>>> print(open('my_file_25.tsv').read())   # TSV, C-alpha atoms
chain	number	residue	atom	x	y	z
W	958	MET	CA	-14.07	24.61	-69.07
W	959	SER	CA	-14.03	23.42	-65.46
W	960	THR	CA	-15.96	25.52	-62.94
W	961	GLU	CA	-14.39	23.78	-59.96
W	962	GLN	CA	-13.22	26.21	-57.32
W	963	PRO	CA	-9.45	26.09	-56.71
W	964	THR	CA	-8.19	24.84	-53.36
W	965	LEU	CA	-7.51	27.71	-50.93
W	966	LEU	CA	-5.32	27.48	-47.83
W	967	SER	CA	-5.34	30.27	-45.26
W	968	LEU	CA	-4.07	31.13	-41.80
W	969	GLN	CA	-7.41	32.50	-40.65
W	970	GLY	CA	-8.47	31.23	-37.24
W	971	GLY	CA	-7.25	31.31	-33.69
W	972	GLU	CA	-5.13	28.18	-33.58
W	973	VAL	CA	-3.09	28.81	-36.71
W	974	GLN	CA	-0.72	31.63	-35.94
W	975	PRO	CA	2.02	32.10	-38.55
W	976	LEU	CA	5.66	32.16	-37.53
W	977	SER	CA	6.10	35.62	-38.99
W	978	ILE	CA	4.34	38.18	-41.17
W	979	ARG	CA	4.46	36.09	-44.31
W	980	ALA	CA	1.96	34.51	-46.66
W	981	LYS	CA	-1.43	34.08	-44.97
W	982	ALA	CA	-3.17	32.45	-47.90
W	983	LEU	CA	-2.30	30.13	-50.74
W	984	VAL	CA	-4.43	29.15	-53.71
W	985	PHE	CA	-3.96	26.35	-56.22
W	986	ALA	CA	-5.52	27.87	-59.34
W	987	ASP	CA	-2.58	28.18	-61.72
W	988	PRO	CA	-1.67	24.97	-63.62
W	989	ALA	CA	1.72	24.94	-61.89
W	990	SER	CA	0.00	25.22	-58.50
W	991	ARG	CA	-2.47	22.45	-59.33
W	992	GLN	CA	0.42	20.21	-60.28
W	993	LEU	CA	2.12	21.07	-56.98
W	994	LEU	CA	-1.05	20.18	-55.06
W	995	GLN	CA	-1.18	16.75	-56.71
W	996	TYR	CA	2.48	16.25	-55.79
W	997	LEU	CA	1.77	17.16	-52.15
W	998	GLU	CA	-1.13	14.72	-52.05
W	999	ARG	CA	1.23	11.93	-53.07
W	1000	LEU	CA	3.94	12.90	-50.57
W	1001	ALA	CA	1.81	13.59	-47.52
W	1002	PRO	CA	0.85	10.05	-46.41
W	1003	SER	CA	4.48	8.91	-46.19
W	1004	GLU	CA	6.78	9.32	-43.20
W	1005	ALA	CA	9.61	10.80	-45.28
W	1006	PRO	CA	11.01	14.20	-44.25
W	1007	VAL	CA	10.00	17.01	-46.59
W	1008	LEU	CA	12.19	19.95	-47.60
W	1009	ILE	CA	10.29	22.97	-48.94
W	1010	ILE	CA	12.34	25.43	-50.98
W	1011	GLY	CA	10.98	28.82	-51.95
W	1012	GLU	CA	11.34	32.57	-51.66
W	1013	THR	CA	10.11	34.45	-48.62
W	1014	GLY	CA	6.39	35.04	-48.76
W	1015	THR	CA	5.53	32.20	-51.14
W	1016	GLY	CA	3.55	30.21	-48.57
W	1017	LYS	CA	6.00	27.57	-47.32
W	1018	GLU	CA	4.37	27.34	-43.90
W	1019	LEU	CA	0.96	26.89	-45.49
W	1020	VAL	CA	2.35	24.05	-47.61
W	1021	ALA	CA	3.82	22.45	-44.48
W	1022	ARG	CA	0.48	22.70	-42.68
W	1023	HIS	CA	-1.28	21.17	-45.69
W	1024	VAL	CA	1.18	18.26	-45.77
W	1025	HIS	CA	0.40	17.64	-42.10
W	1026	HIS	CA	-3.35	17.87	-42.76
W	1027	LEU	CA	-3.14	15.37	-45.63
W	1028	SER	CA	-0.83	13.02	-43.73
W	1029	GLY	CA	-3.53	11.84	-41.35
W	1030	ARG	CA	-1.22	12.15	-38.35
W	1031	LYS	CA	-3.19	12.60	-35.13
W	1032	GLY	CA	-0.61	14.65	-33.25
W	1033	PRO	CA	-0.22	18.45	-33.44
W	1034	PHE	CA	1.45	20.63	-36.03
W	1035	VAL	CA	4.30	22.50	-34.30
W	1036	ALA	CA	6.04	25.34	-36.15
W	1037	VAL	CA	9.47	26.66	-35.17
W	1038	ASN	CA	11.41	29.48	-36.81
W	1039	CYS	CA	15.08	28.50	-36.56
W	1040	GLY	CA	16.16	32.05	-37.37
W	1041	ALA	CA	14.20	33.51	-34.46
W	1042	ILE	CA	15.56	31.46	-31.55
W	1043	SER	CA	18.82	32.45	-29.88
W	1044	GLU	CA	21.77	30.14	-30.45
W	1045	HIS	CA	22.42	29.43	-26.75
W	1046	LEU	CA	18.78	28.48	-26.15
W	1047	ALA	CA	18.21	26.61	-29.41
W	1048	GLU	CA	19.10	23.17	-28.03
W	1049	SER	CA	16.79	23.62	-25.07
W	1050	GLU	CA	13.99	24.84	-27.35
W	1051	LEU	CA	14.26	21.82	-29.64
W	1052	PHE	CA	15.11	19.01	-27.22
W	1053	GLY	CA	14.03	20.30	-23.79
W	1054	HIS	CA	15.88	20.43	-20.45
W	1055	GLU	CA	15.75	19.13	-16.93
W	1056	SER	CA	15.46	21.31	-13.85
W	1057	GLY	CA	18.80	22.88	-12.96
W	1058	ALA	CA	20.43	21.87	-16.23
W	1059	PHE	CA	21.72	25.42	-16.64
W	1060	THR	CA	21.32	28.83	-15.05
W	1061	GLY	CA	17.69	29.82	-15.28
W	1062	ALA	CA	16.37	26.27	-15.81
W	1063	VAL	CA	14.08	26.36	-12.79
W	1064	GLY	CA	11.88	23.50	-13.96
W	1065	ARG	CA	11.66	20.60	-16.34
W	1066	ARG	CA	10.61	21.51	-19.85
W	1067	GLU	CA	9.86	19.46	-22.94
W	1068	GLY	CA	11.26	20.60	-26.26
W	1069	TRP	CA	9.56	21.10	-29.60
W	1070	PHE	CA	10.23	17.51	-30.68
W	1071	GLU	CA	8.35	16.15	-27.68
W	1072	ALA	CA	5.58	18.70	-28.19
W	1073	ALA	CA	5.12	17.46	-31.77
W	1074	HIS	CA	5.00	13.78	-30.78
W	1075	GLY	CA	2.60	11.94	-33.07
W	1076	GLY	CA	2.38	14.93	-35.37
W	1077	THR	CA	4.53	17.16	-37.55
W	1078	LEU	CA	7.40	19.46	-36.62
W	1079	PHE	CA	7.95	22.31	-39.07
W	1080	LEU	CA	11.43	23.87	-38.94
W	1081	ASP	CA	11.38	27.08	-40.96
W	1082	GLU	CA	14.63	28.73	-42.07
W	1083	ILE	CA	16.49	25.49	-41.41
W	1084	GLY	CA	19.59	27.02	-43.00
W	1085	ASP	CA	19.95	29.33	-39.97
W	1086	LEU	CA	20.40	26.43	-37.56
W	1087	PRO	CA	23.87	26.53	-35.89
W	1088	LEU	CA	26.28	23.83	-37.03
W	1089	ALA	CA	26.61	22.35	-33.53
W	1090	LEU	CA	22.86	21.88	-33.38
W	1091	GLN	CA	22.75	20.39	-36.86
W	1092	VAL	CA	24.77	17.43	-35.56
W	1093	LYS	CA	22.26	16.81	-32.76
W	1094	LEU	CA	19.31	17.23	-35.11
W	1095	LEU	CA	20.80	14.61	-37.42
W	1096	ARG	CA	21.13	12.19	-34.50
W	1097	VAL	CA	17.50	12.75	-33.47
W	1098	LEU	CA	16.32	12.06	-37.01
W	1099	GLN	CA	18.35	8.87	-37.18
W	1100	GLU	CA	17.60	7.51	-33.70
W	1101	ARG	CA	14.04	8.92	-33.42
W	1102	GLU	CA	14.67	9.91	-29.82
W	1103	VAL	CA	15.75	13.03	-27.92
W	1104	VAL	CA	17.80	13.57	-24.79
W	1105	ARG	CA	16.96	16.63	-22.74
W	1106	ILE	CA	19.78	18.89	-21.55
W	1107	GLY	CA	20.84	17.70	-18.11
W	1108	SER	CA	19.55	14.17	-18.66
W	1109	ARG	CA	20.96	10.92	-20.01
W	1110	LYS	CA	17.63	9.24	-20.59
W	1111	PRO	CA	16.52	9.08	-24.24
W	1112	ILE	CA	12.89	9.86	-24.94
W	1113	PRO	CA	11.34	8.20	-28.02
W	1114	VAL	CA	9.58	10.62	-30.37
W	1115	ASP	CA	7.32	9.95	-33.34
W	1116	VAL	CA	7.67	13.09	-35.42
W	1117	ARG	CA	7.30	13.83	-39.14
W	1118	LEU	CA	9.82	16.55	-39.97
W	1119	VAL	CA	9.07	19.23	-42.55
W	1120	ALA	CA	11.80	21.83	-43.09
W	1121	ALA	CA	11.82	24.97	-45.20
W	1122	THR	CA	14.42	27.37	-46.51
W	1123	ASN	CA	14.70	30.36	-48.83
W	1124	ILE	CA	18.43	29.86	-49.41
W	1125	ASP	CA	20.36	27.43	-51.59
W	1126	LEU	CA	21.45	24.73	-49.15
W	1127	ASP	CA	23.93	23.31	-51.68
W	1128	GLN	CA	25.73	26.65	-51.60
W	1129	ALA	CA	25.48	26.69	-47.81
W	1130	VAL	CA	27.15	23.26	-47.73
W	1131	ALA	CA	29.91	24.48	-50.07
W	1132	ALA	CA	30.46	27.49	-47.79
W	1133	GLY	CA	30.71	25.27	-44.72
W	1134	HIS	CA	27.50	26.61	-43.13
W	1135	PHE	CA	25.39	23.49	-43.49
W	1136	ARG	CA	26.16	19.79	-43.03
W	1137	LEU	CA	25.98	17.65	-46.14
W	1138	ASP	CA	24.82	14.57	-44.22
W	1139	LEU	CA	21.93	16.55	-42.72
W	1140	LEU	CA	20.98	17.85	-46.18
W	1141	TYR	CA	20.86	14.26	-47.44
W	1142	ARG	CA	18.61	13.33	-44.53
W	1143	LEU	CA	16.24	16.27	-45.04
W	1144	ASN	CA	16.11	16.22	-48.81
W	1145	ILE	CA	14.36	12.88	-49.30
W	1146	ALA	CA	11.19	14.56	-50.58
W	1147	GLN	CA	11.82	18.03	-51.98
W	1148	VAL	CA	9.08	20.53	-52.73
W	1149	ARG	CA	9.91	23.61	-54.80
W	1150	LEU	CA	7.34	26.31	-54.20
W	1151	PRO	CA	7.43	28.68	-57.21
W	1152	PRO	CA	7.37	32.44	-56.63
W	1153	LEU	CA	4.11	34.22	-57.36
W	1154	ARG	CA	5.42	35.62	-60.65
W	1155	GLU	CA	5.72	32.03	-61.95
W	1156	ARG	CA	2.12	31.15	-61.08
W	1157	THR	CA	0.22	34.15	-62.39
W	1158	GLY	CA	-3.05	32.22	-62.41
W	1159	ASP	CA	-3.06	32.45	-58.60
W	1160	ILE	CA	-2.75	36.25	-58.48
W	1161	LEU	CA	-6.33	37.35	-59.12
W	1162	PRO	CA	-7.97	34.67	-56.90
W	1163	LEU	CA	-5.63	35.69	-54.08
W	1164	ALA	CA	-6.32	39.38	-54.70
W	1165	GLU	CA	-10.06	38.77	-54.47
W	1166	TYR	CA	-9.59	36.70	-51.32
W	1167	PHE	CA	-7.62	39.46	-49.59
W	1168	MET	CA	-10.17	42.07	-50.71
W	1169	GLY	CA	-12.85	39.94	-49.08
W	1170	VAL	CA	-10.89	39.59	-45.84
W	1171	TYR	CA	-10.07	43.29	-45.49
W	1172	GLY	CA	-13.42	44.43	-46.84
W	1173	GLN	CA	-15.09	42.53	-44.02
W	1174	ARG	CA	-12.70	43.97	-41.43
W	1175	LEU	CA	-13.18	47.51	-42.71
W	1176	GLY	CA	-16.92	47.12	-43.12
W	1177	VAL	CA	-16.87	48.34	-46.72
W	1178	GLN	CA	-18.44	47.06	-49.90
W	1179	ILE	CA	-15.97	45.00	-51.91
W	1180	PRO	CA	-15.14	46.87	-55.14
W	1181	ALA	CA	-14.52	45.17	-58.47
W	1182	LEU	CA	-11.11	45.01	-60.10
W	1183	SER	CA	-10.96	46.92	-63.37
W	1184	ASP	CA	-9.44	45.23	-66.40
W	1185	ALA	CA	-6.46	47.60	-66.22
W	1186	ALA	CA	-5.93	46.81	-62.52
W	1187	CYS	CA	-6.09	43.08	-63.27
W	1188	GLN	CA	-3.45	43.48	-65.96
W	1189	ALA	CA	-1.26	45.51	-63.60
W	1190	LEU	CA	-1.52	42.83	-60.92
W	1191	ILE	CA	-0.66	40.06	-63.35
W	1192	ARG	CA	2.29	41.88	-64.96
W	1193	TYR	CA	3.91	43.02	-61.71
W	1194	PRO	CA	6.84	40.71	-60.72
W	1195	TRP	CA	5.88	40.49	-57.00
W	1196	PRO	CA	9.30	40.47	-55.30
W	1197	GLY	CA	7.51	40.18	-51.94
W	1198	ASN	CA	5.24	37.40	-53.23
W	1199	ILE	CA	1.90	36.71	-51.50
W	1200	ARG	CA	2.59	38.89	-48.49
W	1201	GLU	CA	3.18	41.87	-50.77
W	1202	LEU	CA	-0.03	41.10	-52.68
W	1203	GLU	CA	-1.93	41.14	-49.39
W	1204	ASN	CA	-0.52	44.57	-48.53
W	1205	VAL	CA	-1.30	45.95	-51.99
W	1206	MET	CA	-4.95	44.84	-51.82
W	1207	HIS	CA	-5.34	46.15	-48.27
W	1208	PHE	CA	-4.08	49.57	-49.35
W	1209	ALA	CA	-6.25	49.54	-52.47
W	1210	LEU	CA	-9.37	49.10	-50.35
W	1211	LEU	CA	-8.32	52.02	-48.14
W	1212	VAL	CA	-7.79	54.50	-50.99
W	1213	SER	CA	-10.42	53.47	-53.54
W	1214	SER	CA	-13.56	55.52	-53.12
W	1215	GLY	CA	-15.69	54.07	-55.91
W	1216	GLU	CA	-16.98	50.70	-56.94
W	1217	THR	CA	-13.88	49.80	-58.95
W	1218	ILE	CA	-10.20	49.46	-58.12
W	1219	GLN	CA	-8.02	51.15	-60.75
W	1220	PRO	CA	-4.24	50.88	-61.34
W	1221	GLU	CA	-3.64	54.13	-59.45
W	1222	HIS	CA	-4.99	52.47	-56.30
W	1223	LEU	CA	-2.30	49.77	-56.42
W	1224	LYS	CA	0.77	50.72	-54.42
W	1225	PHE	CA	3.55	48.50	-55.72
W	1226	SER	CA	6.85	48.52	-53.85
W	1227	GLY	CA	8.82	47.78	-57.01
W	1228	GLY	CA	8.26	51.17	-58.61
W	1229	LEU	CA	5.00	50.66	-60.50
W	1230	GLY	CA	2.61	52.43	-58.17
W	1231	PRO	CA	1.86	56.17	-58.21
W	1232	SER	CA	3.70	56.71	-54.94
W	1233	ALA	CA	6.76	54.69	-55.87
W	1234	HIS	CA	7.85	55.87	-59.29
W	1235	ALA	CA	8.57	59.52	-58.67
W	1236	ALA	CA	12.19	59.03	-59.60
W	1237	ALA	CA	14.37	56.17	-60.72
W	1238	PRO	CA	17.59	55.41	-58.86
W	1239	SER	CA	20.48	57.41	-60.26
W	1240	ASP	CA	22.55	54.26	-60.80
W	1241	GLU	CA	19.75	52.32	-62.51
W	1242	ALA	CA	20.73	50.76	-65.82
W	1243	PRO	CA	18.99	52.44	-68.80
W	1244	LEU	CA	17.38	49.22	-70.01
W	1245	ALA	CA	16.15	48.49	-66.49
W	1246	ALA	CA	14.61	51.96	-66.31
W	1247	ILE	CA	12.93	51.43	-69.68
W	1248	ALA	CA	11.63	48.03	-68.56
W	1249	ARG	CA	10.21	49.59	-65.41
W	1250	GLN	CA	8.42	52.27	-67.40
W	1251	LEU	CA	7.18	49.68	-69.91
W	1252	ASP	CA	5.50	47.84	-67.06
W	1253	ARG	CA	3.62	51.02	-66.24
W	1254	LEU	CA	2.54	51.38	-69.86
W	1255	PHE	CA	1.45	47.75	-70.02
W	1256	ALA	CA	-0.71	48.26	-66.95
W	1257	ALA	CA	-2.91	50.66	-68.95
W	1258	PRO	CA	-1.96	50.32	-72.63
W	1259	GLY	CA	-3.31	52.62	-75.30
W	1260	GLU	CA	-4.87	51.52	-78.56
W	1261	ALA	CA	-1.61	51.79	-80.51
W	1262	LEU	CA	1.09	51.24	-77.91
W	1263	PHE	CA	3.55	49.53	-80.26
W	1264	ASP	CA	3.26	52.32	-82.86
W	1265	ASP	CA	3.69	54.94	-80.15
W	1266	LEU	CA	6.84	53.24	-78.86
W	1267	GLU	CA	8.25	52.76	-82.36
W	1268	ASN	CA	7.58	56.42	-83.15
W	1269	LEU	CA	9.34	57.50	-79.96
W	1270	ILE	CA	12.45	55.38	-80.65
W	1271	VAL	CA	12.77	56.53	-84.26
W	1272	GLU	CA	12.09	60.19	-83.49
W	1273	ARG	CA	14.58	60.31	-80.62
W	1274	ALA	CA	17.31	58.54	-82.59
W	1275	TYR	CA	16.76	60.87	-85.58
W	1276	LYS	CA	16.93	63.95	-83.36
W	1277	HIS	CA	19.99	62.63	-81.46
W	1278	SER	CA	21.76	62.15	-84.81
W	1279	ARG	CA	20.97	65.77	-85.79
W	1280	TYR	CA	18.57	64.50	-88.42
W	1281	ASN	CA	21.25	62.56	-90.27
W	1282	GLN	CA	19.71	59.37	-91.60
W	1283	VAL	CA	22.97	57.44	-91.89
W	1284	ARG	CA	24.00	58.15	-88.31
W	1285	ALA	CA	20.49	57.43	-86.99
W	1286	ALA	CA	20.42	54.10	-88.81
W	1287	GLU	CA	23.82	53.14	-87.37
W	1288	LEU	CA	22.63	54.19	-83.91
W	1289	LEU	CA	19.63	51.85	-84.13
W	1290	GLY	CA	21.52	49.04	-85.83
W	1291	ILE	CA	19.33	49.02	-88.93
W	1292	THR	CA	19.85	49.90	-92.59
W	1293	ARG	CA	19.20	53.37	-93.93
W	1294	ASN	CA	16.38	52.06	-96.13
W	1295	VAL	CA	14.63	50.59	-93.10
W	1296	LEU	CA	15.09	53.86	-91.24
W	1297	ARG	CA	13.64	55.86	-94.12
W	1298	THR	CA	10.61	53.58	-94.17
W	1299	LEU	CA	10.11	54.15	-90.44
W	1300	LEU	CA	10.58	57.90	-90.76
W	1301	LYS	CA	7.95	58.06	-93.48
W	1302	ARG	CA	5.58	55.80	-91.56
W	1303	HIS	CA	5.60	58.10	-88.56
W	1304	GLY	CA	5.50	61.34	-90.55
W	1305	LEU	CA	9.04	62.30	-89.65
W	1306	LEU	CA	10.27	62.60	-93.24
W	1307	SER	CA	8.63	63.88	-96.40
W	1308	ASP	CA	8.93	61.96	-99.64
W	1309	PRO	CA	11.33	64.03	-101.84
W	1310	VAL	CA	9.21	63.34	-104.93
W	1311	SER	CA	5.75	64.12	-103.62
W	1312	ALA	CA	6.62	66.18	-100.55
W	1313	PRO	CA	3.98	68.62	-99.36
W	1314	ALA	CA	4.73	72.30	-99.21
W	1315	THR	CA	5.07	72.17	-95.43
W	1316	PRO	CA	8.00	69.96	-94.30
W	1317	ALA	CA	7.13	67.03	-92.00
W	1318	HIS	CA	9.80	68.05	-89.48
W	1319	PRO	CA	9.55	71.39	-87.71
W	1320	SER	CA	13.00	72.35	-89.05
W	1321	ASN	CA	13.23	74.44	-92.21
W	1322	GLU	CA	13.22	73.05	-95.77
W	1323	ALA	CA	16.83	73.97	-96.43
W	1324	ARG	CA	18.06	71.78	-93.58
W	1325	ASP	CA	15.89	68.88	-94.80
W	1326	SER	CA	17.44	69.30	-98.23
W	1327	ARG	CA	20.98	69.35	-96.83
W	1328	THR	CA	20.24	66.26	-94.72
W	1329	TRP	CA	18.91	64.40	-97.76
W	1330	ASN	CA	21.96	65.32	-99.90
W	1331	THR	CA	24.44	64.51	-97.10
W	1332	ALA	CA	22.85	61.16	-96.41
W	1333	ASN	CA	22.83	60.18	-100.09
W	1334	SER	CA	26.40	61.33	-100.69
W	1335	ALA	CA	27.52	59.00	-97.87
W	1336	LEU	CA	26.06	55.93	-99.54
W	1337	PRO	CA	28.34	53.68	-101.65
W	1338	THR	CA	27.89	53.93	-105.40
>>> encode(input="my_file_25.tsv", output="C-alpha cells")
Amino acid sequence: MSTEQPTLLSLQGGEVQPLSIRAKALVFADPASRQLLQYLERLAPSEAPVLIIGETGTGKELVARHVHHLSGRKGPFVAVNCGAISEHLAESELFGHESGAFTGAVGRREGWFEAAHGGTLFLDEIGDLPLALQVKLLRVLQEREVVRIGSRKPIPVDVRLVAATNIDLDQAVAAGHFRLDLLYRLNIAQVRLPPLRERTGDILPLAEYFMGVYGQRLGVQIPALSDAACQALIRYPWPGNIRELENVMHFALLVSSGETIQPEHLKFSGGLGPSAHAAAPSDEAPLAAIARQLDRLFAAPGEALFDDLENLIVERAYKHSRYNQVRAAELLGITRNVLRTLLKRHGLLSDPVSAPATPAHPSNEARDSRTWNTANSALPT
C-alpha cells in the first residue's frame, strides 16, 4: 500500500485571497481526485481555455489556481467573480477605460484582462455574465486584444482563460441566458469537479487539515477523530461541500472538551447533528425522514442494527394491523409464511404447538387465539 502523501492545495497565505467564502483547501486522496489531478497535469501546459464545472464549495478556484501553477505561465493569476460585479461596471472592470470615458472615470484604468497579461484570468460564475458582455468577451478571446471604454486603440493581451460555473450552461443556452458560440469557445477543455460526497476518500484528510488549521489558531491540542465520528463524516452527504466541512470541524474543536471528537460534536446542517435534528419538516416525505434518521443510526451503529430495524418494522406493521397476520403481511408486501417466520424470530408470536404459558405479545391469550384462527380461516384451502 502506498504511503505517499496526497497532494493538498490551500488558500493559506497573504497573496491568495479567495473570491468568496468557499473552499479553502482541496486534497487529492480519493481515487477520483487522483485521476482528476492527472487530468489537470495534462491540460495545464496548453493554451486552451478551461471550463470548470462543479457545485459551490467544491474547490473550483483552487483547481484554477493549480492549473495556472502547472502551466508555467510567468504572469499573475487574476480571479474575478462575475456574479459580484455590477452590470454597468462589468465592461470597465474586464476591459478597462480611459479618463473621461463615462461619469466618474477620473483617470485611465486597465481592466482585468490587461492585469492578467502573461498569466491566467479566472472568471468564476461565468454564467452570471450579462449577454451584452458575453459578445465582447467572445471577441477578446478570438482577437486576443482588448479595447478600453472611451478608446479605439486595441491592446494585445496574452491571457489563459479559466472559467467556472455551478450551473448547467447547456440549459442556460436553451433558456437564452448564455451564448452558444461563447460556450463553444470556453468548453475546449472541460473539468468536472465532483462534489465531496462523490470523493469520500478526501473527507478525512480534509477534516484533519482543518482541525490542524483551527487548532493552531485556537491554541488547543488537536483531538483525535473517533471511529464513530469518522463514519459520520464519511456518510454525511455534504450539501455545502468543502466549505461546510471546514465549518463542521471548526465547531467540533470549539465544543469538544476531551482528547477525542465524537459524533455529538459534529454540527451538520443537513439534520444529522444534535442541534439540527430536533424536528423534521412537517412536509418531509416519510421515506426521506426515515433515510435521515438512518444516517444518524449509521453514524453510531449498534451491534445488531439490522435485527433491530427488522424487529421495529415487523412489530409496527403487526400492531398497525391489529395483530392480524394476513393484513400485516399485505401491508409489508410479503407472504403470511414469511411474516410468521419474522414474528417468531423476534419473539412477537408464540408457536401454537410449543407455546409457553406466557404469551409472547403483551395482549391476552384469548386474543392471540382469535388472531390465529382468523388468520388461518382467511387462507385459501
>>> closest_residue(input="my_file_25.tsv", among="W:Arg1136, W:Lys1031, W:Lys981, W:Arg1065", to="Asn1204 (chain W)", atoms="only C-alpha atoms")
W:Lys981
>>> closest_residue(input="my_file_25.tsv", among="W:Leu1251, W:Gly1014, W:Gln1091, W:Ala1041", to="Trp1195 (chain W)", atoms="all atoms listed in the file")
W:Gly1014
>>> closest_residue(input="my_file_25.tsv", among="W:Leu1269, W:Leu1000, W:Val1097, W:Leu1019", to="Glu1048 (chain W)", atoms="all atoms listed in the file")
W:Val1097
>>> residues_near_point(input="my_file_25.tsv", point="(8.0, 15.0, -28.6)", cutoff="9 Å", atoms="all atoms listed in the file", output="VMD selection string")
chain W and resid 1052 1067 to 1076 1102 to 1103 1112 to 1116
>>> atom_distance(input="my_file_25.tsv", atom1="CA of Lys1093 (chain W)", atom2="CA of Glu1055 (chain W)")
17.3 Å
>>> atom_distance(input="my_file_25.tsv", atom1="CA of Gly1158 (chain W)", atom2="CA of Leu983 (chain W)")
11.9 Å
>>> atom_distance(input="my_file_25.tsv", atom1="CA of Ala1248 (chain W)", atom2="CA of Arg1154 (chain W)")
16.0 Å
>>> residues_around(input="my_file_25.tsv", residues="Leu1182 (chain W)", least_positions_apart="6", cutoff="9 Å", atoms="only C-alpha atoms", output="list in words")
Glu1165, Glu1216, Thr1217, Ile1218 and Gln1219 of chain W
>>> write_last_selection(input="my_file_25.tsv", atoms="C-alpha atoms", output="PDB file, keeping the file's coordinate frame")
ATOM      1  CA  GLU W1165     -10.060  38.770 -54.470  1.00  0.00           C
ATOM      2  CA  GLU W1216     -16.980  50.700 -56.940  1.00  0.00           C
ATOM      3  CA  THR W1217     -13.880  49.800 -58.950  1.00  0.00           C
ATOM      4  CA  ILE W1218     -10.200  49.460 -58.120  1.00  0.00           C
ATOM      5  CA  GLN W1219      -8.020  51.150 -60.750  1.00  0.00           C
TER       6      GLN W1219
END
>>> residues_around(input="my_file_25.tsv", residues="Ala1021 (chain W)", least_positions_apart="3", cutoff="9 Å", atoms="all atoms listed in the file", output="NGL selection string")
:W and (1007 or 1009 or 1016-1018 or 1024-1026 or 1034 or 1077 or 1079 or 1119-1121)
